[in-house]
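Quick notes on the structure that follows.
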Amino acid sequence: MTEDQDHYFTADPSVPFERETFTASVWGHDLELTSGAGVFSRGHLDHATAVLFREVEPPVAGRFLDLGCGYGVIGLAIATAVPLSSVIGLEVNERAILLANENAAGLGVGGHFVACRAADVPSDMQFDEIWSNPPIRIGKEALHELLLTWLPRLAPGGRAVMVVGKNLGADSLQRWLGEQGYPTTRLASAKGFRVLEARRG
């Protein structure tokens, strides 16, 4: 893990840091979001997540997991566009958790979005859908472990929607997911990214 990557996993919210606010237009809603130093995609919507939003319609009511939520953009977009949703944003970076919950309060969706660490998610909770721009750069082994921890938490018939760079192994990940018992199709391919949908039977 590089020093920069380590920074993303250990950013301490008690240490003063510079916040940066920007607006992301998603599914007809303008989301004013605060990012910050030590958090992925500071000050802008990253290209992969932009492709995800452009290529996939918002989901319908249900319980959602934003896996690796950062400062919350995917989960907050769902919470804003889908009033009858309950969204958990899962994250290891404490500063990102702080920012995601601040953003939820600012957008008025704090009642049905919360960002937290894995240990704070009830062990028996299932999700209708998992959405993610997964942290590919943690390495294949760690990524596989992460997905095999959370994909089994999908409710029967549930799905996971993920955006992955083609040059970061999207096609091999699609095959691997199928081999693990999660049939995976490609919903879209744009600007060097694949949008994958993995289903639980």
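By order of appearance in the structure tokens: chains A, B, ..., then residues from 1 within every chain, and ligands from 1 in the order shown.
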
For segment 83-89 of chain A, please output as an mmCIF file with N, CA, C and O atoms, in the first residue's frame all residues within 12 Å (counting only C-alpha atoms; exclusion window: fewer than 5 positions along the same chain).
```
data_model
loop_
_atom_site.group_PDB
_atom_site.id
_atom_site.type_symbol
_atom_site.label_atom_id
_atom_site.label_comp_id
_atom_site.auth_asym_id
_atom_site.auth_seq_id
_atom_site.Cartn_x
_atom_site.Cartn_y
_atom_site.Cartn_z
ATOM 1 N N PRO A 58 -31.898 5.421 -11.285
ATOM 2 C CA PRO A 58 -31.965 5.253 -9.828
ATOM 3 C C PRO A 58 -32.807 4.040 -9.466
ATOM 4 O O PRO A 58 -33.733 3.666 -10.197
ATOM 5 N N PRO A 59 -32.479 3.392 -8.376
ATOM 6 C CA PRO A 59 -33.254 2.226 -7.952
ATOM 7 C C PRO A 59 -34.604 2.633 -7.383
ATOM 8 O O PRO A 59 -34.938 3.821 -7.316
ATOM 9 N N VAL A 60 -35.375 1.621 -6.984
ATOM 10 C CA VAL A 60 -36.657 1.882 -6.329
ATOM 11 C C VAL A 60 -36.482 1.663 -4.833
ATOM 12 O O VAL A 60 -35.380 1.404 -4.358
ATOM 13 N N ALA A 61 -37.578 1.761 -4.095
ATOM 14 C CA ALA A 61 -37.511 1.695 -2.636
ATOM 15 C C ALA A 61 -36.822 0.417 -2.165
ATOM 16 O O ALA A 61 -36.929 -0.642 -2.786
ATOM 17 N N GLY A 62 -36.116 0.519 -1.056
ATOM 18 C CA GLY A 62 -35.467 -0.651 -0.490
ATOM 19 C C GLY A 62 -34.373 -0.272 0.480
ATOM 20 O O GLY A 62 -34.210 0.884 0.850
ATOM 21 N N ARG A 63 -33.613 -1.292 0.869
ATOM 22 C CA ARG A 63 -32.476 -1.095 1.762
ATOM 23 C C ARG A 63 -31.206 -1.244 0.941
ATOM 24 O O ARG A 63 -31.019 -2.246 0.253
ATOM 25 N N PHE A 64 -30.326 -0.261 1.039
ATOM 26 C CA PHE A 64 -29.159 -0.186 0.173
ATOM 27 C C PHE A 64 -27.874 -0.096 0.987
ATOM 28 O O PHE A 64 -27.848 0.492 2.069
ATOM 29 N N LEU A 65 -26.806 -0.645 0.400
ATOM 30 C CA LEU A 65 -25.470 -0.504 0.958
ATOM 31 C C LEU A 65 -24.593 0.179 -0.077
ATOM 32 O O LEU A 65 -24.502 -0.268 -1.226
ATOM 33 N N ASP A 66 -23.965 1.281 0.315
ATOM 34 C CA ASP A 66 -22.956 1.955 -0.506
ATOM 35 C C ASP A 66 -21.619 1.468 0.022
ATOM 36 O O ASP A 66 -21.155 1.904 1.076
ATOM 37 N N LEU A 67 -21.008 0.531 -0.704
ATOM 38 C CA LEU A 67 -19.812 -0.159 -0.232
ATOM 39 C C LEU A 67 -18.575 0.642 -0.608
ATOM 40 O O LEU A 67 -18.256 0.803 -1.778
ATOM 41 N N GLY A 68 -17.878 1.149 0.436
ATOM 42 C CA GLY A 68 -16.731 2.037 0.206
ATOM 43 C C GLY A 68 -17.221 3.422 -0.167
ATOM 44 O O GLY A 68 -16.871 3.964 -1.211
ATOM 45 N N CYS A 69 -18.021 4.015 0.706
ATOM 46 C CA CYS A 69 -18.836 5.183 0.330
ATOM 47 C C CYS A 69 -18.054 6.483 0.190
ATOM 48 O O CYS A 69 -18.573 7.444 -0.384
ATOM 49 N N GLY A 70 -16.816 6.552 0.724
ATOM 50 C CA GLY A 70 -16.132 7.839 0.691
ATOM 51 C C GLY A 70 -16.947 8.892 1.416
ATOM 52 O O GLY A 70 -17.524 8.626 2.476
ATOM 53 N N TYR A 71 -17.032 10.089 0.842
ATOM 54 C CA TYR A 71 -17.836 11.127 1.493
ATOM 55 C C TYR A 71 -19.318 11.003 1.140
ATOM 56 O O TYR A 71 -20.110 11.910 1.417
ATOM 57 N N GLY A 72 -19.705 9.884 0.530
ATOM 58 C CA GLY A 72 -21.114 9.522 0.496
ATOM 59 C C GLY A 72 -21.859 9.690 -0.799
ATOM 60 O O GLY A 72 -23.080 9.486 -0.821
ATOM 61 N N VAL A 73 -21.198 10.032 -1.907
ATOM 62 C CA VAL A 73 -21.945 10.507 -3.068
ATOM 63 C C VAL A 73 -22.939 9.475 -3.610
ATOM 64 O O VAL A 73 -24.083 9.829 -3.929
ATOM 65 N N ILE A 74 -22.570 8.195 -3.709
ATOM 66 C CA ILE A 74 -23.506 7.226 -4.279
ATOM 67 C C ILE A 74 -24.693 7.020 -3.343
ATOM 68 O O ILE A 74 -25.860 7.104 -3.756
ATOM 69 N N GLY A 75 -24.416 6.749 -2.087
ATOM 70 C CA GLY A 75 -25.504 6.532 -1.139
ATOM 71 C C GLY A 75 -26.390 7.746 -0.963
ATOM 72 O O GLY A 75 -27.615 7.626 -0.840
ATOM 73 N N LEU A 76 -25.785 8.938 -0.981
ATOM 74 C CA LEU A 76 -26.573 10.157 -0.835
ATOM 75 C C LEU A 76 -27.416 10.427 -2.072
ATOM 76 O O LEU A 76 -28.536 10.946 -1.957
ATOM 77 N N ALA A 77 -26.903 10.071 -3.240
ATOM 78 C CA ALA A 77 -27.709 10.207 -4.456
ATOM 79 C C ALA A 77 -28.929 9.305 -4.385
ATOM 80 O O ALA A 77 -30.039 9.701 -4.759
ATOM 81 N N ILE A 78 -28.742 8.079 -3.903
ATOM 82 C CA ILE A 78 -29.872 7.160 -3.755
ATOM 83 C C ILE A 78 -30.849 7.684 -2.711
ATOM 84 O O ILE A 78 -32.063 7.719 -2.940
ATOM 85 N N ALA A 96 -13.804 10.309 6.044
ATOM 86 C CA ALA A 96 -14.856 10.151 5.042
ATOM 87 C C ALA A 96 -16.205 9.891 5.707
ATOM 88 O O ALA A 96 -17.229 10.424 5.275
ATOM 89 N N ILE A 97 -16.210 9.078 6.761
ATOM 90 C CA ILE A 97 -17.458 8.818 7.498
ATOM 91 C C ILE A 97 -18.023 10.118 8.054
ATOM 92 O O ILE A 97 -19.225 10.401 7.938
ATOM 93 N N LEU A 98 -17.159 10.927 8.661
ATOM 94 C CA LEU A 98 -17.579 12.217 9.195
ATOM 95 C C LEU A 98 -18.192 13.085 8.107
ATOM 96 O O LEU A 98 -19.288 13.644 8.272
ATOM 97 N N LEU A 99 -17.501 13.188 6.958
ATOM 98 C CA LEU A 99 -17.990 14.028 5.871
ATOM 99 C C LEU A 99 -19.296 13.487 5.293
ATOM 100 O O LEU A 99 -20.215 14.262 4.984
ATOM 101 N N ALA A 100 -19.397 12.170 5.133
ATOM 102 C CA ALA A 100 -20.627 11.586 4.577
ATOM 103 C C ALA A 100 -21.821 11.896 5.463
ATOM 104 O O ALA A 100 -22.905 12.253 4.967
ATOM 105 N N ASN A 101 -21.656 11.775 6.766
ATOM 106 C CA ASN A 101 -22.767 12.067 7.670
ATOM 107 C C ASN A 101 -23.079 13.560 7.713
ATOM 108 O O ASN A 101 -24.246 13.959 7.818
ATOM 109 N N ASN A 103 -22.675 15.504 5.115
ATOM 110 C CA ASN A 103 -23.366 15.730 3.841
ATOM 111 C C ASN A 103 -24.816 15.277 3.911
ATOM 112 O O ASN A 103 -25.704 15.934 3.365
ATOM 113 N N ALA A 104 -25.052 14.149 4.569
ATOM 114 C CA ALA A 104 -26.421 13.663 4.716
ATOM 115 C C ALA A 104 -27.285 14.675 5.464
ATOM 116 O O ALA A 104 -28.423 14.967 5.066
ATOM 117 N N GLY A 108 -30.479 16.955 4.031
ATOM 118 C CA GLY A 108 -31.773 16.645 4.634
ATOM 119 C C GLY A 108 -32.171 15.186 4.547
ATOM 120 O O GLY A 108 -33.357 14.851 4.661
ATOM 121 N N VAL A 109 -31.185 14.293 4.377
ATOM 122 C CA VAL A 109 -31.505 12.866 4.271
ATOM 123 C C VAL A 109 -30.880 12.060 5.417
ATOM 124 O O VAL A 109 -30.768 10.832 5.333
ATOM 125 N N GLY A 110 -30.499 12.748 6.474
ATOM 126 C CA GLY A 110 -29.882 12.059 7.602
ATOM 127 C C GLY A 110 -30.780 11.029 8.244
ATOM 128 O O GLY A 110 -30.290 10.128 8.924
ATOM 129 N N GLY A 111 -32.097 11.132 8.002
ATOM 130 C CA GLY A 111 -33.031 10.163 8.570
ATOM 131 C C GLY A 111 -32.989 8.813 7.889
ATOM 132 O O GLY A 111 -33.417 7.813 8.465
ATOM 133 N N HIS A 112 -32.458 8.761 6.666
ATOM 134 C CA HIS A 112 -32.385 7.453 6.001
ATOM 135 C C HIS A 112 -31.057 7.188 5.305
ATOM 136 O O HIS A 112 -30.959 6.341 4.415
ATOM 137 N N PHE A 113 -30.013 7.887 5.745
ATOM 138 C CA PHE A 113 -28.649 7.569 5.335
ATOM 139 C C PHE A 113 -27.744 7.694 6.549
ATOM 140 O O PHE A 113 -27.817 8.678 7.292
ATOM 141 N N VAL A 114 -26.891 6.700 6.730
ATOM 142 C CA VAL A 114 -25.867 6.801 7.768
ATOM 143 C C VAL A 114 -24.598 6.138 7.252
ATOM 144 O O VAL A 114 -24.640 5.077 6.620
ATOM 145 N N ALA A 115 -23.467 6.784 7.471
ATOM 146 C CA ALA A 115 -22.165 6.216 7.136
ATOM 147 C C ALA A 115 -21.531 5.677 8.405
ATOM 148 O O ALA A 115 -21.630 6.288 9.473
ATOM 149 N N CYS A 116 -20.874 4.524 8.287
ATOM 150 C CA CYS A 116 -20.301 3.887 9.464
ATOM 151 C C CYS A 116 -19.240 2.873 9.052
ATOM 152 O O CYS A 116 -19.015 2.634 7.858
ATOM 153 N N ARG A 117 -18.611 2.264 10.033
ATOM 154 C CA ARG A 117 -17.661 1.185 9.801
ATOM 155 C C ARG A 117 -18.403 -0.150 9.783
ATOM 156 O O ARG A 117 -19.536 -0.249 10.260
ATOM 157 N N ALA A 118 -17.732 -1.180 9.269
ATOM 158 C CA ALA A 118 -18.364 -2.494 9.135
ATOM 159 C C ALA A 118 -18.869 -3.030 10.473
ATOM 160 O O ALA A 118 -19.940 -3.645 10.546
ATOM 161 N N ASP A 120 -20.245 -1.612 12.797
ATOM 162 C CA ASP A 120 -21.473 -0.960 13.244
ATOM 163 C C ASP A 120 -22.712 -1.441 12.488
ATOM 164 O O ASP A 120 -23.823 -1.023 12.806
ATOM 165 N N VAL A 121 -22.527 -2.297 11.480
ATOM 166 C CA VAL A 121 -23.668 -2.815 10.713
ATOM 167 C C VAL A 121 -24.181 -4.078 11.396
ATOM 168 O O VAL A 121 -23.392 -5.012 11.614
ATOM 169 N N PRO A 122 -25.461 -4.131 11.778
ATOM 170 C CA PRO A 122 -25.988 -5.339 12.425
ATOM 171 C C PRO A 122 -25.687 -6.588 11.597
ATOM 172 O O PRO A 122 -25.838 -6.585 10.372
ATOM 173 N N MET A 125 -28.357 -7.926 9.134
ATOM 174 C CA MET A 125 -28.983 -7.010 8.176
ATOM 175 C C MET A 125 -28.703 -7.454 6.747
ATOM 176 O O MET A 125 -27.570 -7.763 6.384
ATOM 177 N N GLN A 126 -29.767 -7.493 5.932
ATOM 178 C CA GLN A 126 -29.642 -7.787 4.518
ATOM 179 C C GLN A 126 -29.970 -6.536 3.710
ATOM 180 O O GLN A 126 -30.619 -5.611 4.202
ATOM 181 N N PHE A 127 -29.526 -6.549 2.457
ATOM 182 C CA PHE A 127 -29.711 -5.392 1.586
ATOM 183 C C PHE A 127 -30.367 -5.831 0.276
ATOM 184 O O PHE A 127 -30.047 -6.883 -0.271
ATOM 185 N N ASP A 128 -31.258 -4.989 -0.215
ATOM 186 C CA ASP A 128 -31.867 -5.255 -1.513
ATOM 187 C C ASP A 128 -30.867 -5.027 -2.636
ATOM 188 O O ASP A 128 -30.871 -5.747 -3.636
ATOM 189 N N GLU A 129 -30.011 -4.019 -2.451
ATOM 190 C CA GLU A 129 -29.013 -3.715 -3.465
ATOM 191 C C GLU A 129 -27.750 -3.190 -2.799
ATOM 192 O O GLU A 129 -27.806 -2.501 -1.784
ATOM 193 N N ILE A 130 -26.610 -3.525 -3.401
ATOM 194 C CA ILE A 130 -25.316 -2.954 -3.032
ATOM 195 C C ILE A 130 -24.832 -2.146 -4.225
ATOM 196 O O ILE A 130 -24.843 -2.627 -5.356
ATOM 197 N N TRP A 131 -24.453 -0.904 -3.986
ATOM 198 C CA TRP A 131 -23.901 -0.043 -5.034
ATOM 199 C C TRP A 131 -22.473 0.297 -4.637
ATOM 200 O O TRP A 131 -22.196 0.559 -3.461
ATOM 201 N N SER A 132 -21.581 0.327 -5.636
ATOM 202 C CA SER A 132 -20.190 0.568 -5.276
ATOM 203 C C SER A 132 -19.334 0.991 -6.464
ATOM 204 O O SER A 132 -19.500 0.488 -7.577
#
```

Skip segment 179-196 of chain A itself and residues of its chain fewer than 6 positions away, then list as a ChimeraX atom specification all residues within 8 Å of it, counting only C-alpha atoms.
/A:48,51-52,55-56,160-167,170

Just the selected residues (N, CA, C and O atoms), exported as a PDB file, in the first residue's frame, please.
```pdb
ATOM      1  N   ALA A  48     -15.419   7.451 -12.735  1.00  0.00           N
ATOM      2  CA  ALA A  48     -16.108   6.163 -12.672  1.00  0.00           C
ATOM      3  C   ALA A  48     -17.523   6.320 -12.124  1.00  0.00           C
ATOM      4  O   ALA A  48     -18.489   5.782 -12.676  1.00  0.00           O
ATOM      5  N   VAL A  51     -19.863   7.885 -14.587  1.00  0.00           N
ATOM      6  CA  VAL A  51     -20.341   6.901 -15.566  1.00  0.00           C
ATOM      7  C   VAL A  51     -21.466   6.066 -14.963  1.00  0.00           C
ATOM      8  O   VAL A  51     -22.499   5.815 -15.602  1.00  0.00           O
ATOM      9  N   LEU A  52     -21.287   5.625 -13.737  1.00  0.00           N
ATOM     10  CA  LEU A  52     -22.320   4.830 -13.057  1.00  0.00           C
ATOM     11  C   LEU A  52     -23.654   5.566 -13.038  1.00  0.00           C
ATOM     12  O   LEU A  52     -24.695   5.008 -13.402  1.00  0.00           O
ATOM     13  N   GLU A  55     -25.218   5.893 -16.607  1.00  0.00           N
ATOM     14  CA  GLU A  55     -25.616   4.677 -17.306  1.00  0.00           C
ATOM     15  C   GLU A  55     -26.699   3.872 -16.592  1.00  0.00           C
ATOM     16  O   GLU A  55     -27.306   2.985 -17.189  1.00  0.00           O
ATOM     17  N   VAL A  56     -26.947   4.147 -15.319  1.00  0.00           N
ATOM     18  CA  VAL A  56     -27.898   3.345 -14.543  1.00  0.00           C
ATOM     19  C   VAL A  56     -28.959   4.258 -13.939  1.00  0.00           C
ATOM     20  O   VAL A  56     -28.632   5.281 -13.340  1.00  0.00           O
ATOM     21  N   ALA A 160     -26.001  -6.403  -6.931  1.00  0.00           N
ATOM     22  CA  ALA A 160     -24.929  -5.446  -6.671  1.00  0.00           C
ATOM     23  C   ALA A 160     -24.596  -4.746  -7.981  1.00  0.00           C
ATOM     24  O   ALA A 160     -24.449  -5.393  -9.014  1.00  0.00           O
ATOM     25  N   VAL A 161     -24.514  -3.417  -7.933  1.00  0.00           N
ATOM     26  CA  VAL A 161     -24.177  -2.610  -9.105  1.00  0.00           C
ATOM     27  C   VAL A 161     -22.826  -1.967  -8.832  1.00  0.00           C
ATOM     28  O   VAL A 161     -22.661  -1.246  -7.840  1.00  0.00           O
ATOM     29  N   MET A 162     -21.861  -2.255  -9.713  1.00  0.00           N
ATOM     30  CA  MET A 162     -20.499  -1.775  -9.499  1.00  0.00           C
ATOM     31  C   MET A 162     -19.946  -1.166 -10.777  1.00  0.00           C
ATOM     32  O   MET A 162     -20.267  -1.627 -11.873  1.00  0.00           O
ATOM     33  N   VAL A 163     -19.112  -0.156 -10.628  1.00  0.00           N
ATOM     34  CA  VAL A 163     -18.411   0.423 -11.772  1.00  0.00           C
ATOM     35  C   VAL A 163     -16.921   0.184 -11.581  1.00  0.00           C
ATOM     36  O   VAL A 163     -16.361   0.452 -10.509  1.00  0.00           O
ATOM     37  N   VAL A 164     -16.283  -0.380 -12.615  1.00  0.00           N
ATOM     38  CA  VAL A 164     -14.884  -0.776 -12.515  1.00  0.00           C
ATOM     39  C   VAL A 164     -14.185  -0.419 -13.823  1.00  0.00           C
ATOM     40  O   VAL A 164     -14.735  -0.638 -14.913  1.00  0.00           O
ATOM     41  N   GLY A 165     -12.992   0.109 -13.718  1.00  0.00           N
ATOM     42  CA  GLY A 165     -12.217   0.426 -14.905  1.00  0.00           C
ATOM     43  C   GLY A 165     -11.855  -0.827 -15.689  1.00  0.00           C
ATOM     44  O   GLY A 165     -11.464  -1.842 -15.103  1.00  0.00           O
ATOM     45  N   LYS A 166     -11.984  -0.749 -16.991  1.00  0.00           N
ATOM     46  CA  LYS A 166     -11.605  -1.892 -17.828  1.00  0.00           C
ATOM     47  C   LYS A 166     -10.141  -2.245 -17.604  1.00  0.00           C
ATOM     48  O   LYS A 166      -9.785  -3.427 -17.491  1.00  0.00           O
ATOM     49  N   ASN A 167      -9.290  -1.222 -17.515  1.00  0.00           N
ATOM     50  CA  ASN A 167      -7.857  -1.480 -17.339  1.00  0.00           C
ATOM     51  C   ASN A 167      -7.501  -1.864 -15.905  1.00  0.00           C
ATOM     52  O   ASN A 167      -6.355  -2.175 -15.601  1.00  0.00           O
ATOM     53  N   ALA A 170     -11.924  -5.129 -14.865  1.00  0.00           N
ATOM     54  CA  ALA A 170     -13.376  -5.288 -14.819  1.00  0.00           C
ATOM     55  C   ALA A 170     -13.828  -6.623 -15.397  1.00  0.00           C
ATOM     56  O   ALA A 170     -14.711  -7.293 -14.838  1.00  0.00           O
TER      57      ALA A 170
END
```

Looking only at the backbone, which of the residues in segment 47-183 of chain A does DSSP tag as alpha helix (DSSP H), as a PyMOL selection string?
chain A and resi 47-55+73-81+94-107+140-150+170-179

Nearest residue to His47 of chain A from the set A:Glu94, A:Ala105, A:Ala119, A:Ala24 (distances using only C-alpha atoms)
A:Ala24

Between atom CA of Phe40 of chain A and atom CA of His144 of chain A, what is the distance in Å, rounded to a tenth?
20.4 Å

Residues of segment 83-173 of chain A classed as strand (DSSP E or B) by DSSP on the backbone are to be reported as JSON, numbers by chain.
{"A": [85, 86, 87, 88, 89, 90, 113, 114, 115, 116, 127, 128, 129, 130, 131, 132, 154, 155, 156, 157, 158, 159, 160, 161, 162, 163, 164, 165]}

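Coordinates place atom CA of Glu91 of chain A at a distance of 19.8 Å from atom CA of Pro16 of chain A.
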
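Between Gly36 of chain A and the candidates A:Leu148, A:Asn93, A:Phe53, A:Val82, the tightest atom-to-atom separation, counting only C-alpha atoms, involves A:Asn93.
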